[in-house]
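Student: Okay, so here is protein-v5.txt, and as you'll see once you scroll down, it has compact mmCIF, C-alpha atoms and all ligand atoms.
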```txt
# COMPACT_ATOMS: atom_id res chain seq x y z
CA MET A 59 16.65 13.52 18.97
CA SER A 60 14.08 15.59 17.15
CA TYR A 61 13.65 16.47 13.54
CA ARG A 62 13.52 19.84 11.94
CA GLN A 63 11.31 19.21 8.97
CA THR A 64 12.87 21.26 6.24
CA GLY A 65 12.45 18.99 3.24
CA ILE A 66 9.47 17.19 1.80
CA VAL A 67 6.57 16.93 4.22
CA LEU A 68 3.99 14.37 3.17
CA GLU A 69 0.46 15.75 3.28
CA LYS A 70 -2.10 14.54 5.83
CA LEU A 71 -4.08 12.46 3.36
CA SER A 72 -2.40 10.48 0.62
CA ILE A 73 -3.30 7.53 -1.52
CA GLY A 74 -0.87 5.02 -2.94
CA VAL A 75 -1.90 4.04 -6.42
CA GLY A 76 -0.39 1.33 -8.52
CA ASP A 77 -0.23 1.42 -12.29
CA ARG A 78 1.28 -1.82 -13.58
CA PHE A 79 1.76 -0.67 -17.18
CA ALA A 80 2.23 3.06 -16.51
CA HIS A 81 -0.68 4.05 -18.77
CA GLN A 82 -3.28 5.21 -16.22
CA ALA A 83 -1.57 7.95 -14.23
CA LYS A 84 -3.84 10.58 -15.76
CA PRO A 85 -7.22 9.00 -14.92
CA GLN A 86 -5.84 8.14 -11.47
CA LEU A 87 -4.83 11.74 -10.92
CA ALA A 88 -8.26 12.82 -12.18
CA ALA A 89 -9.76 11.04 -9.14
CA CYS A 90 -7.55 13.11 -6.80
CA ALA A 91 -8.48 16.23 -8.77
CA ARG A 92 -12.17 15.43 -8.24
CA ALA A 93 -11.58 15.25 -4.45
CA ALA A 94 -9.59 18.51 -4.57
CA ASP A 95 -12.50 20.16 -6.40
CA LYS A 96 -14.67 19.15 -3.45
CA GLY A 97 -12.20 20.71 -1.03
CA VAL A 98 -10.33 17.60 0.16
CA LEU A 99 -6.65 17.31 -0.73
CA VAL A 100 -5.59 13.69 -1.21
CA VAL A 101 -2.16 13.55 -2.81
CA PRO A 102 -1.27 10.66 -5.10
CA VAL A 103 1.74 8.44 -4.55
CA TRP A 104 2.54 6.13 -7.43
CA ASN A 105 3.90 2.97 -5.89
CA LYS A 106 5.53 0.04 -7.61
CA SER A 107 7.64 -2.69 -6.07
CA ASN A 108 10.73 -4.26 -7.50
CA ARG A 109 8.76 -7.48 -7.96
CA GLU A 110 6.21 -5.68 -10.14
CA HIS A 111 8.91 -3.99 -12.20
CA LYS A 112 10.55 -7.35 -12.79
CA ILE A 113 7.32 -9.07 -13.81
CA VAL A 114 6.25 -6.23 -16.12
CA GLY A 115 9.77 -5.54 -17.41
CA SER A 116 9.57 -1.84 -16.54
CA GLU A 117 11.89 0.66 -14.88
CA PRO A 118 11.17 3.09 -12.02
CA GLY A 119 11.86 5.86 -14.54
CA ASN A 120 8.72 4.80 -16.46
CA THR A 121 6.59 5.39 -13.36
CA ARG A 122 8.17 8.81 -12.83
CA ALA A 123 7.66 9.81 -16.47
CA ALA A 124 4.01 8.76 -16.42
CA ALA A 125 3.37 10.65 -13.17
CA ASP A 126 5.11 13.80 -14.42
CA ALA A 127 3.17 13.70 -17.70
CA ALA A 128 -0.18 13.25 -15.94
CA VAL A 129 0.55 16.16 -13.61
CA ARG A 130 1.48 18.38 -16.58
CA GLU A 131 -1.54 17.41 -18.63
CA LEU A 132 -4.07 17.90 -15.84
CA GLY A 133 -2.38 20.99 -14.42
CA TRP A 134 -2.20 19.43 -10.93
CA THR A 135 -0.58 22.06 -8.71
CA HIS A 136 -0.28 20.00 -5.51
CA SER A 137 2.36 17.49 -4.53
CA TYR A 138 2.74 13.98 -5.88
CA TYR A 139 5.29 11.28 -5.23
CA VAL A 140 6.82 8.13 -6.68
CA ASP A 141 7.24 5.34 -4.14
CA ALA A 142 9.98 2.71 -4.26
CA ASP A 143 7.67 0.18 -2.67
CA HIS A 144 9.02 -2.57 -0.41
CA ILE A 145 12.68 -2.01 -1.17
CA ASN A 146 15.69 -3.27 0.76
CA LEU A 147 19.47 -2.81 0.42
CA ASP A 148 19.60 -5.27 -2.48
CA THR A 149 16.90 -3.57 -4.55
CA VAL A 150 16.95 0.13 -3.69
CA ASP A 151 19.60 1.36 -6.12
CA ARG A 152 17.55 1.22 -9.30
CA PHE A 153 14.99 3.51 -7.59
CA LEU A 154 17.41 6.24 -6.54
CA ALA A 155 16.96 8.49 -9.56
CA ALA A 156 13.19 8.18 -10.00
CA SER A 157 11.71 7.94 -6.50
CA ASP A 158 11.15 10.49 -3.76
CA PHE A 159 9.31 8.11 -1.42
CA TYR A 160 10.97 4.96 -0.08
CA THR A 161 9.19 2.10 1.67
CA LEU A 162 11.90 0.33 3.63
CA ASP A 163 10.69 -3.24 4.02
CA VAL A 164 12.28 -4.89 7.02
CA ALA A 165 9.62 -7.51 7.76
CA ASP A 166 12.01 -10.33 6.91
CA ALA A 167 14.42 -9.10 9.59
CA ILE A 168 11.84 -9.34 12.39
CA GLY A 169 12.97 -11.97 14.88
CA HIS A 170 16.59 -11.85 13.76
CA PRO A 171 18.64 -11.48 16.99
CA PRO A 172 20.28 -8.05 17.49
CA ASP A 173 23.94 -7.61 18.45
CA ALA A 174 24.86 -9.08 21.83
CA GLY A 175 23.71 -6.80 24.62
CA ALA A 176 21.82 -4.46 22.28
CA ALA A 177 18.39 -5.38 23.63
CA GLU A 178 19.50 -4.98 27.25
CA SER A 179 21.10 -1.60 26.64
CA PHE A 180 18.00 -0.47 24.70
CA VAL A 181 15.78 -1.30 27.68
CA HIS A 182 18.23 0.44 29.96
CA ARG A 183 18.08 3.55 27.76
CA HIS A 184 14.26 3.42 27.64
CA PRO A 185 12.92 2.90 31.16
CA GLU A 186 9.71 4.64 30.00
CA LEU A 187 8.89 1.51 27.96
CA VAL A 188 8.60 -0.63 31.10
CA GLY A 189 5.74 -0.71 33.59
CA ARG A 190 2.54 1.26 33.33
CA ILE A 191 2.42 3.38 30.17
CA GLU A 192 -0.39 5.91 29.91
CA ILE A 193 -1.28 6.74 26.34
CA GLN A 194 -3.86 9.35 25.58
CA GLY A 195 -6.64 7.79 23.50
CA ILE A 196 -6.16 4.25 24.83
CA PRO A 197 -8.61 3.66 27.67
CA GLU A 198 -6.48 1.24 29.73
CA PRO A 199 -2.81 2.05 30.38
CA LEU A 200 -0.41 -0.44 28.80
CA GLN A 201 1.26 -2.76 31.32
CA VAL A 202 4.62 -4.07 30.20
CA THR A 203 7.18 -6.00 32.22
CA ALA A 204 10.92 -5.52 31.74
CA GLU A 205 11.09 -9.06 30.40
CA GLN A 206 8.37 -8.32 27.79
CA THR A 207 10.12 -5.13 26.69
CA CYS A 208 13.43 -6.94 26.42
CA SER A 209 11.92 -9.75 24.39
CA ALA A 210 10.19 -7.26 22.06
CA ALA A 211 13.53 -5.47 21.69
CA ARG A 212 15.15 -8.77 20.73
CA LYS A 213 12.40 -9.32 18.18
CA TYR A 214 12.46 -5.88 16.53
CA LEU A 215 15.79 -4.11 17.11
CA PHE A 216 17.65 -5.81 14.30
CA ALA A 217 14.84 -5.01 11.85
CA VAL A 218 14.88 -1.35 12.88
CA SER A 219 18.67 -1.17 12.59
CA GLN A 220 18.28 -2.65 9.11
CA ALA A 221 15.84 0.17 8.30
CA GLY A 222 18.52 2.58 9.55
CA ARG A 223 21.07 1.06 7.18
CA ILE A 224 18.72 1.36 4.19
CA TYR A 225 17.78 4.91 5.17
CA ARG A 226 21.42 6.00 5.40
CA HIS A 227 22.21 4.28 2.12
CA ILE A 228 19.55 6.42 0.43
CA ALA A 229 20.41 9.60 2.35
CA ASP A 230 24.07 9.26 1.29
CA ARG A 231 23.00 9.21 -2.34
CA LYS A 232 20.06 11.59 -2.34
CA GLN A 233 19.90 14.73 -0.27
CA ALA A 234 18.39 14.03 3.16
CA GLY A 235 15.01 15.74 3.35
CA HIS A 236 14.48 15.31 -0.37
CA PHE A 237 12.64 12.05 0.06
CA ILE A 238 9.94 10.58 2.26
CA THR A 239 10.75 7.55 4.39
CA GLU A 240 8.29 4.81 5.25
CA VAL A 241 9.14 1.74 7.30
CA SER A 242 7.03 -1.33 6.57
CA MET A 243 6.59 -4.41 8.72
CA ASP A 244 3.30 -5.56 7.24
CA GLU A 245 4.41 -8.64 5.36
CA THR A 246 4.78 -10.78 8.46
CA ASP A 247 2.60 -13.27 10.34
CA SER A 248 1.34 -11.54 13.45
CA PRO A 249 0.15 -7.97 14.07
CA GLN A 250 2.26 -5.74 16.30
CA THR A 251 0.69 -4.88 19.66
CA PRO A 252 0.46 -1.21 20.75
CA SER A 253 3.43 -1.65 23.10
CA GLU A 254 5.48 -3.27 20.32
CA LEU A 255 4.63 -0.41 17.95
CA LEU A 256 5.72 2.08 20.60
CA LEU A 257 9.01 0.25 21.07
CA ILE A 258 9.55 0.12 17.30
CA LEU A 259 8.99 3.88 17.04
CA ALA A 260 11.38 4.55 19.94
CA ALA A 261 14.01 2.43 18.18
CA ILE A 262 13.36 4.24 14.88
CA ALA A 263 13.92 7.56 16.67
CA ASP A 264 17.18 6.16 18.13
CA GLN A 265 18.28 5.33 14.59
CA GLY A 266 17.57 8.91 13.50
CA ILE A 267 15.23 7.84 10.71
CA PRO A 268 12.93 10.79 9.85
CA ILE A 269 10.03 8.44 9.32
CA GLN A 270 6.82 9.95 7.92
CA THR A 271 4.76 6.78 7.49
CA ILE A 272 4.81 3.40 9.18
CA ALA A 273 3.09 0.27 7.94
CA PRO A 274 2.46 -2.20 10.73
CA LYS A 275 0.72 -5.50 10.26
CA PHE A 276 -2.95 -5.22 11.13
CA THR A 277 -5.24 -7.94 12.38
CA GLY A 278 -7.18 -9.89 9.73
CA ARG A 279 -6.45 -10.99 6.19
CA PHE A 280 -5.52 -8.47 3.51
CA ASN A 281 -5.82 -10.60 0.41
CA LYS A 282 -5.03 -9.07 -2.94
CA GLY A 283 -7.82 -7.20 -4.66
CA VAL A 284 -10.70 -8.42 -2.49
CA ASP A 285 -12.34 -7.17 0.68
CA TYR A 286 -10.98 -7.45 4.21
CA ALA A 287 -11.50 -10.79 5.94
CA GLY A 288 -11.42 -10.52 9.71
CA ASP A 289 -12.96 -8.95 12.77
CA VAL A 290 -13.82 -5.37 11.77
CA GLY A 291 -14.43 -4.35 15.40
CA GLN A 292 -11.03 -5.65 16.46
CA PHE A 293 -9.45 -3.89 13.50
CA GLU A 294 -11.03 -0.59 14.53
CA LYS A 295 -9.80 -1.00 18.10
CA GLU A 296 -6.24 -1.76 16.98
CA PHE A 297 -6.26 1.00 14.37
CA GLY A 298 -7.33 3.53 17.02
CA SER A 299 -4.64 2.26 19.41
CA ASP A 300 -2.01 2.59 16.69
CA LEU A 301 -3.07 6.22 16.08
CA ALA A 302 -2.80 6.91 19.81
CA VAL A 303 0.65 5.29 20.00
CA ILE A 304 1.88 7.32 17.03
CA ALA A 305 0.73 10.61 18.58
CA HIS A 306 2.44 9.56 21.82
CA ALA A 307 5.68 8.65 20.03
CA ILE A 308 5.75 11.96 18.12
CA ALA A 309 5.46 13.83 21.42
CA HIS A 310 7.96 11.69 23.37
CA TYR A 311 10.61 10.89 20.79
CA GLY A 312 10.45 13.98 18.63
CA LEU A 313 9.54 12.02 15.52
CA PRO A 314 8.27 14.09 12.55
CA ALA A 315 4.98 15.73 13.47
CA ASN A 316 3.26 14.43 10.34
CA LEU A 317 4.14 10.77 11.05
CA LYS A 318 1.10 8.67 10.15
CA LEU A 319 -0.02 5.13 9.49
CA SER A 320 0.34 3.56 6.11
CA VAL A 321 -2.24 0.90 5.36
CA HIS A 322 -0.94 -1.60 2.84
CA SER A 323 -4.39 -2.66 1.89
CA GLY A 324 -3.60 -5.13 -0.88
CA SER A 325 -6.44 -3.13 -2.50
CA ASP A 326 -10.13 -2.80 -1.90
CA LYS A 327 -10.59 -3.30 1.85
CA PHE A 328 -13.98 -1.61 1.65
CA SER A 329 -15.36 -2.94 4.94
CA ILE A 330 -12.65 -1.21 7.00
CA TYR A 331 -12.94 2.15 5.24
CA GLU A 332 -15.67 3.35 7.57
CA PRO A 333 -13.75 2.38 10.76
CA ILE A 334 -10.64 4.05 9.32
CA ARG A 335 -12.57 7.22 8.53
CA ARG A 336 -14.11 7.24 12.02
CA CYS A 337 -10.74 6.77 13.76
CA LEU A 338 -9.04 9.46 11.66
CA ARG A 339 -11.73 11.96 12.62
CA LEU A 340 -11.61 10.96 16.28
CA PHE A 341 -7.85 11.45 16.46
CA GLY A 342 -7.55 14.25 13.91
CA ALA A 343 -5.00 11.99 12.22
CA GLY A 344 -3.90 11.54 8.64
CA VAL A 345 -3.28 8.30 6.79
CA HIS A 346 -1.63 6.86 3.73
CA VAL A 347 -3.62 4.10 2.05
CA LYS A 348 -1.95 1.99 -0.60
CA THR A 349 -4.45 0.46 -2.91
CA ALA A 350 -1.98 -0.73 -5.48
CA GLY A 351 -3.11 -3.13 -8.13
CA THR A 352 -6.76 -2.70 -8.99
CA THR A 353 -6.15 -0.16 -11.73
CA TRP A 354 -4.95 -3.01 -13.91
CA LEU A 355 -8.30 -4.76 -13.37
CA GLU A 356 -10.08 -1.58 -14.45
CA GLU A 357 -8.02 -1.76 -17.64
CA LEU A 358 -9.46 -5.21 -18.29
CA ILE A 359 -13.00 -4.01 -17.53
CA GLY A 360 -12.48 -0.98 -19.76
CA LEU A 361 -11.19 -3.20 -22.56
CA ALA A 362 -14.16 -5.54 -22.23
CA GLU A 363 -16.57 -2.61 -22.43
CA ALA A 364 -14.80 -0.88 -25.30
CA GLY A 365 -15.85 -3.21 -28.11
CA PRO A 366 -15.23 -6.65 -29.63
CA GLU A 367 -11.47 -6.32 -29.94
CA GLY A 368 -11.02 -5.27 -26.33
CA LEU A 369 -13.43 -7.94 -25.09
CA SER A 370 -11.60 -10.58 -27.04
CA MET A 371 -8.24 -9.59 -25.53
CA ALA A 372 -9.72 -9.43 -22.03
CA LYS A 373 -11.03 -12.99 -22.50
CA GLN A 374 -7.72 -14.16 -23.93
CA ILE A 375 -5.91 -12.81 -20.86
CA TYR A 376 -8.28 -14.69 -18.55
CA THR A 377 -7.86 -17.93 -20.50
CA SER A 378 -4.07 -17.65 -20.41
CA ALA A 379 -4.15 -16.84 -16.71
CA LEU A 380 -6.20 -19.98 -16.15
CA ASP A 381 -3.58 -22.00 -18.05
CA HIS A 382 -0.82 -20.54 -15.86
CA LEU A 383 -2.71 -20.58 -12.59
CA ASP A 384 0.03 -22.15 -10.46
CA ASP A 385 2.88 -20.01 -11.79
CA LEU A 386 0.93 -16.78 -11.40
CA CYS A 387 -0.26 -17.56 -7.90
CA ALA A 388 3.02 -18.85 -6.47
CA PRO A 389 4.63 -15.46 -5.65
CA TYR A 390 1.39 -14.33 -3.99
CA ALA A 391 0.42 -17.58 -2.27
CA ALA A 392 0.23 -16.00 1.20
CA VAL A 393 -2.15 -13.23 0.10
CA ILE A 394 -4.66 -14.91 -2.21
CA ASP A 395 -7.43 -17.44 -1.62
CA ILE A 396 -8.50 -18.89 -4.94
CA ASP A 397 -10.76 -21.91 -5.19
CA PRO A 398 -9.97 -23.33 -8.66
CA ALA A 399 -13.41 -24.99 -8.71
CA ARG A 400 -14.96 -21.51 -8.74
CA LEU A 401 -13.04 -20.40 -11.84
CA PRO A 402 -15.13 -20.60 -15.01
CA SER A 403 -13.60 -22.60 -17.84
CA ALA A 404 -12.18 -21.07 -21.01
CA SER A 405 -15.14 -22.34 -23.03
CA GLU A 406 -17.65 -20.71 -20.67
CA VAL A 407 -15.84 -17.40 -20.85
CA ARG A 408 -15.63 -17.54 -24.65
CA ASP A 409 -19.38 -16.83 -24.84
CA TRP A 410 -19.46 -14.05 -22.28
CA THR A 411 -20.83 -10.63 -23.17
CA ALA A 412 -19.05 -7.46 -22.11
CA GLU A 413 -21.60 -7.11 -19.28
CA GLN A 414 -20.79 -10.59 -18.02
CA TYR A 415 -17.05 -9.99 -18.12
CA ALA A 416 -17.27 -6.60 -16.42
CA GLY A 417 -19.84 -7.81 -13.88
CA THR A 418 -17.72 -10.81 -12.93
CA LEU A 419 -14.59 -8.75 -12.43
CA ARG A 420 -15.75 -5.36 -11.16
CA HIS A 421 -15.57 -5.16 -7.37
CA ASP A 422 -19.29 -4.79 -6.69
CA GLN A 423 -20.15 -7.39 -4.07
CA GLN A 424 -23.88 -6.70 -4.58
CA ASN A 425 -23.70 -7.86 -8.19
CA PRO A 426 -24.62 -11.56 -8.43
CA LEU A 427 -22.15 -11.92 -11.31
CA PHE A 428 -19.20 -10.84 -9.13
CA ASN A 429 -16.64 -13.64 -8.66
CA SER A 430 -13.80 -13.01 -6.20
CA HIS A 431 -11.84 -16.01 -7.51
CA VAL A 432 -11.74 -14.63 -11.04
CA ARG A 433 -10.85 -11.24 -9.60
CA GLN A 434 -7.93 -12.57 -7.57
CA LEU A 435 -6.58 -14.64 -10.44
CA LEU A 436 -6.62 -11.67 -12.80
CA HIS A 437 -5.22 -9.43 -10.07
CA VAL A 438 -2.04 -11.52 -10.02
CA GLY A 439 -2.27 -12.29 -13.74
CA TYR A 440 -0.74 -9.08 -15.08
CA LYS A 441 2.28 -11.00 -16.29
CA ILE A 442 0.08 -12.39 -19.08
CA ALA A 443 -0.64 -8.87 -20.30
CA ALA A 444 3.02 -7.93 -19.88
CA ASN A 445 3.94 -10.82 -22.19
CA LEU A 446 1.58 -9.46 -24.84
CA GLY A 447 3.83 -6.38 -25.00
CA ASN A 448 2.76 -3.72 -27.50
CA ARG A 449 -0.35 -5.65 -28.49
CA TYR A 450 -1.66 -4.98 -25.01
CA THR A 451 -0.47 -1.39 -24.58
CA ASP A 452 -1.57 -0.38 -28.11
CA LEU A 453 -5.05 -1.59 -27.29
CA LEU A 454 -4.98 0.32 -23.99
CA ARG A 455 -4.42 3.47 -26.03
CA ALA A 456 -7.13 2.59 -28.53
CA CYS A 457 -9.64 1.98 -25.71
CA GLU A 458 -8.53 4.93 -23.62
CA GLU A 459 -11.93 6.52 -23.12
CA SER A 460 -13.57 3.40 -21.72
CA ILE A 461 -10.59 2.52 -19.52
CA SER A 462 -10.12 6.04 -18.15
CA ARG A 463 -13.77 6.21 -17.16
CA ASN A 464 -13.43 2.97 -15.18
CA VAL A 465 -10.08 3.86 -13.59
CA THR A 466 -11.25 7.25 -12.33
CA ALA A 467 -14.64 5.99 -11.13
CA ASN A 468 -13.04 3.07 -9.29
CA LEU A 469 -10.50 5.19 -7.48
CA TYR A 470 -12.85 8.00 -6.62
CA ASP A 471 -16.17 6.22 -5.95
CA ARG A 472 -14.87 3.08 -4.28
CA HIS A 473 -11.80 4.43 -2.45
CA ILE A 474 -11.31 8.19 -2.10
CA GLU A 475 -14.92 9.13 -1.46
CA PRO A 476 -15.69 6.48 1.21
CA LEU A 477 -12.31 6.93 2.90
CA PHE A 478 -11.99 10.69 2.94
CA LEU A 479 -15.11 12.55 1.84
CA ARG A 480 -18.12 10.67 3.16
CA THR A 481 -19.74 12.25 6.21
ZN ZN B 501 2.97 -3.89 1.86
```
Could you take the file, read its structure, and then write that structure out as structure tokens?
Tutor:
Amino acid sequence: MSYRQTGIVLEKLSIGVGDRFAHQAKPQLAACARAADKGVLVVPVWNKSNREHKIVGSEPGNTRAAADAAVRELGWTHSYYVDADHINLDTVDRFLAASDFYTLDVADAIGHPPDAGAAESFVHRHPELVGRIEIQGIPEPLQVTAEQTCSAARKYLFAVSQAGRIYRHIADRKQAGHFITEVSMDETDSPQTPSELLLILAAIADQGIPIQTIAPKFTGRFNKGVDYAGDVGQFEKEFGSDLAVIAHAIAHYGLPANLKLSVHSGSDKFSIYEPIRRCLRLFGAGVHVKTAGTTWLEELIGLAEAGPEGLSMAKQIYTSALDHLDDLCAPYAAVIDIDPARLPSASEVRDWTAEQYAGTLRHDQQNPLFNSHVRQLLHVGYKIAANLGNRYTDLLRACEESISRNVTANLYDRHIEPLFLRT
């Protein structure tokens, strides 16, 4: 089938920004406005998962209200979206009123066997997925045996049908076309090969999901809040292949013409920004990059730089995070690498200046003070600030100037500019 795109069409370049406490939408939007002033439209998508809402004690409506207010205050005339990040059938309902972007997370369903005979009939229906598959942009044709296609179908068909169920659940409750659909399979162990991605997209087309972004698992480690760890050359090769497969799938299965990759970066994968930029230009493709949680770290840096009261709270949050190391890290165990021996003690941190605190935390790998262990701990430590309640958010307001400066500079200088504007 093919899709008449009559509803929301996600722009070519978009950036997923996270805002744990819903206080930084305006300085985040200011970074997009700076790019727009330079002639590059990068639309913001405020993403927040159910897990984050539960830890912070917030509602999707808070994210929507903050986004709407920022757009009003800055006079942003372009699109913006609110993403129900990593939802499934159990968690989607609370997002129905506030979100217009849904990331259907079906990674857990990968490997679950499909209905009896479903894989065989899929392969029968898709003879083009067997044998030699020529894809423009991939130097060597893919070579896939019937057995390989059938086994990939057994691995992925149930997950895709699950995405179909979630999509229809949303479409029955919101008007179809009035929301953007992403399918994510990133939170799994092994990256999808180009032929697997092609099969997944064919199955998504069979399900009639008007998918606009897809988040596969890429090669390498995407730990939270720190740089990419892996083979950058291999990443670039796979990223280029994925772009080629997507263009091929749009042409052959009539998927939405603006379908693009979504990179769930876990924030701050600076060393793959240049390969991403190069591939996008080569293929004339768009991308969605989620950079999620680092705004909260800019709040801490902004607090530390704002004066004694802010610095004292920033230190207190670190000390508490250190005390609750195991609890804070447990939900993120697969995506952090913290060496407790590299975490400074509470008494060391007590004497830190604002420069020391900011230098340790700010993601400048050239700065000798930078400590990725502290950064990762605080990245997952937002529950500590959530527990401080109004004490924390009141201070955010009092230190607004310092925090805003850091939030906008981080998003623009370290993400938007190197990804989308640099020549
Ligand atoms: Zn993700």
Student: Please find the residues contacting ligand ZN 501 (chain B) at a distance of at most 7 Å between atoms, with all atoms listed in the file counted, and report them as JSON, numbers by chain.
Tutor: {"A": [144, 242, 244, 245, 322]}
Student: Restrict the calculation to only C-alpha atoms, then for each residue of stretch 150-221 of chain A with any atom at most 10 Å from an atom of stretch 230-240 of chain A give the closest atom pair and their distance in Å to one decimal, rows by chain and rising residue number, as a tab-separated table.
Tutor:
```
residue	atom	partner	partner_atom	distance
A:Asp151	CA	A:Arg231	CA	9.4
A:Leu154	CA	A:Lys232	CA	7.3
A:Ala155	CA	A:Lys232	CA	8.4
A:Ser157	CA	A:Phe237	CA	7.8
A:Asp158	CA	A:Phe237	CA	4.4
A:Phe159	CA	A:Ile238	CA	4.5
A:Tyr160	CA	A:Thr239	CA	5.2
A:Thr161	CA	A:Glu240	CA	4.6
A:Leu162	CA	A:Glu240	CA	6.0
A:Asp163	CA	A:Glu240	CA	8.5
A:Ala221	CA	A:Glu240	CA	9.4
```
Student: Can you pull out every residue within 12 Å of A:Thr481, counting only C-alpha atoms, but drop anything in the same chain fewer than 4 positions away, and send it as number ranges by chain?
Tutor: A: 332, 335-336, 339, 475-477
Student: Neighbours of stretch 105-108 of chain A within 9 Å (only C-alpha atoms; same-chain residues fewer than 5 positions away dropped), as a compact mmCIF listing (two decimals) with C-alpha atoms, in the frame of the given file?
Tutor:
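Saved the output as around-v2.txt:
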```
# COMPACT_ATOMS: atom_id res chain seq x y z
CA GLY A 74 -0.87 5.02 -2.94
CA VAL A 75 -1.90 4.04 -6.42
CA GLY A 76 -0.39 1.33 -8.52
CA ASP A 77 -0.23 1.42 -12.29
CA ARG A 78 1.28 -1.82 -13.58
CA ILE A 113 7.32 -9.07 -13.81
CA GLU A 117 11.89 0.66 -14.88
CA PRO A 118 11.17 3.09 -12.02
CA THR A 121 6.59 5.39 -13.36
CA TYR A 139 5.29 11.28 -5.23
CA VAL A 140 6.82 8.13 -6.68
CA ASP A 141 7.24 5.34 -4.14
CA ALA A 142 9.98 2.71 -4.26
CA ASP A 143 7.67 0.18 -2.67
CA HIS A 144 9.02 -2.57 -0.41
CA ILE A 145 12.68 -2.01 -1.17
CA THR A 149 16.90 -3.57 -4.55
CA VAL A 150 16.95 0.13 -3.69
CA ARG A 152 17.55 1.22 -9.30
CA PHE A 153 14.99 3.51 -7.59
CA PHE A 159 9.31 8.11 -1.42
CA LYS A 348 -1.95 1.99 -0.60
CA ALA A 350 -1.98 -0.73 -5.48
```
Student: So how far away is atom CA of A:Pro398 from atom CA of A:Leu383, in Å?
Tutor: 8.7 Å
Student: Using all atoms listed in the file, find the one residue out of A:Glu459, A:Asp148, A:Glu413, A:Asp471 that sits nearest to A:Ala362.
Tutor: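 Residue with the minimum atom-to-atom distance to A:Ala362: A:Glu413.
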Student: Restore N, CA and C atoms in stretch 414-428 of chain A and list the result as a PDB file, keeping the file's coordinate frame.
Tutor:
```pdb
ATOM      1  N   GLN A 414     -21.167  -9.465 -18.875  1.00  0.00           N
ATOM      2  CA  GLN A 414     -20.790 -10.590 -18.020  1.00  0.00           C
ATOM      3  C   GLN A 414     -19.348 -10.467 -17.548  1.00  0.00           C
ATOM      4  N   TYR A 415     -18.464 -10.113 -18.482  1.00  0.00           N
ATOM      5  CA  TYR A 415     -17.050  -9.990 -18.120  1.00  0.00           C
ATOM      6  C   TYR A 415     -16.874  -8.904 -17.055  1.00  0.00           C
ATOM      7  N   ALA A 416     -17.437  -7.733 -17.349  1.00  0.00           N
ATOM      8  CA  ALA A 416     -17.270  -6.600 -16.420  1.00  0.00           C
ATOM      9  C   ALA A 416     -17.926  -6.901 -15.074  1.00  0.00           C
ATOM     10  N   GLY A 417     -19.110  -7.514 -15.119  1.00  0.00           N
ATOM     11  CA  GLY A 417     -19.840  -7.810 -13.880  1.00  0.00           C
ATOM     12  C   GLY A 417     -19.119  -8.837 -13.012  1.00  0.00           C
ATOM     13  N   THR A 418     -18.452  -9.783 -13.659  1.00  0.00           N
ATOM     14  CA  THR A 418     -17.720 -10.810 -12.930  1.00  0.00           C
ATOM     15  C   THR A 418     -16.495 -10.215 -12.231  1.00  0.00           C
ATOM     16  N   LEU A 419     -15.861  -9.277 -12.909  1.00  0.00           N
ATOM     17  CA  LEU A 419     -14.590  -8.750 -12.430  1.00  0.00           C
ATOM     18  C   LEU A 419     -14.723  -7.512 -11.546  1.00  0.00           C
ATOM     19  N   ARG A 420     -15.651  -6.630 -11.892  1.00  0.00           N
ATOM     20  CA  ARG A 420     -15.750  -5.360 -11.160  1.00  0.00           C
ATOM     21  C   ARG A 420     -16.068  -5.628  -9.691  1.00  0.00           C
ATOM     22  N   HIS A 421     -15.431  -4.847  -8.793  1.00  0.00           N
ATOM     23  CA  HIS A 421     -15.570  -5.160  -7.370  1.00  0.00           C
ATOM     24  C   HIS A 421     -16.854  -4.587  -6.779  1.00  0.00           C
ATOM     25  N   ASP A 422     -17.988  -5.164  -7.233  1.00  0.00           N
ATOM     26  CA  ASP A 422     -19.290  -4.790  -6.690  1.00  0.00           C
ATOM     27  C   ASP A 422     -19.873  -6.051  -6.076  1.00  0.00           C
ATOM     28  N   GLN A 423     -19.743  -6.158  -4.754  1.00  0.00           N
ATOM     29  CA  GLN A 423     -20.150  -7.390  -4.070  1.00  0.00           C
ATOM     30  C   GLN A 423     -21.658  -7.613  -4.101  1.00  0.00           C
ATOM     31  N   GLN A 424     -22.419  -6.559  -4.472  1.00  0.00           N
ATOM     32  CA  GLN A 424     -23.880  -6.700  -4.580  1.00  0.00           C
ATOM     33  C   GLN A 424     -24.270  -7.356  -5.908  1.00  0.00           C
ATOM     34  N   ASN A 425     -23.380  -7.316  -6.867  1.00  0.00           N
ATOM     35  CA  ASN A 425     -23.700  -7.860  -8.190  1.00  0.00           C
ATOM     36  C   ASN A 425     -23.583  -9.381  -8.156  1.00  0.00           C
ATOM     37  N   PRO A 426     -24.677 -10.094  -8.484  1.00  0.00           N
ATOM     38  CA  PRO A 426     -24.620 -11.560  -8.430  1.00  0.00           C
ATOM     39  C   PRO A 426     -23.576 -12.153  -9.369  1.00  0.00           C
ATOM     40  N   LEU A 427     -23.173 -11.413 -10.392  1.00  0.00           N
ATOM     41  CA  LEU A 427     -22.150 -11.920 -11.310  1.00  0.00           C
ATOM     42  C   LEU A 427     -20.741 -11.879 -10.708  1.00  0.00           C
ATOM     43  N   PHE A 428     -20.548 -11.042  -9.683  1.00  0.00           N
ATOM     44  CA  PHE A 428     -19.200 -10.840  -9.130  1.00  0.00           C
ATOM     45  C   PHE A 428     -18.598 -12.163  -8.640  1.00  0.00           C
TER      46      PHE A 428
END
```
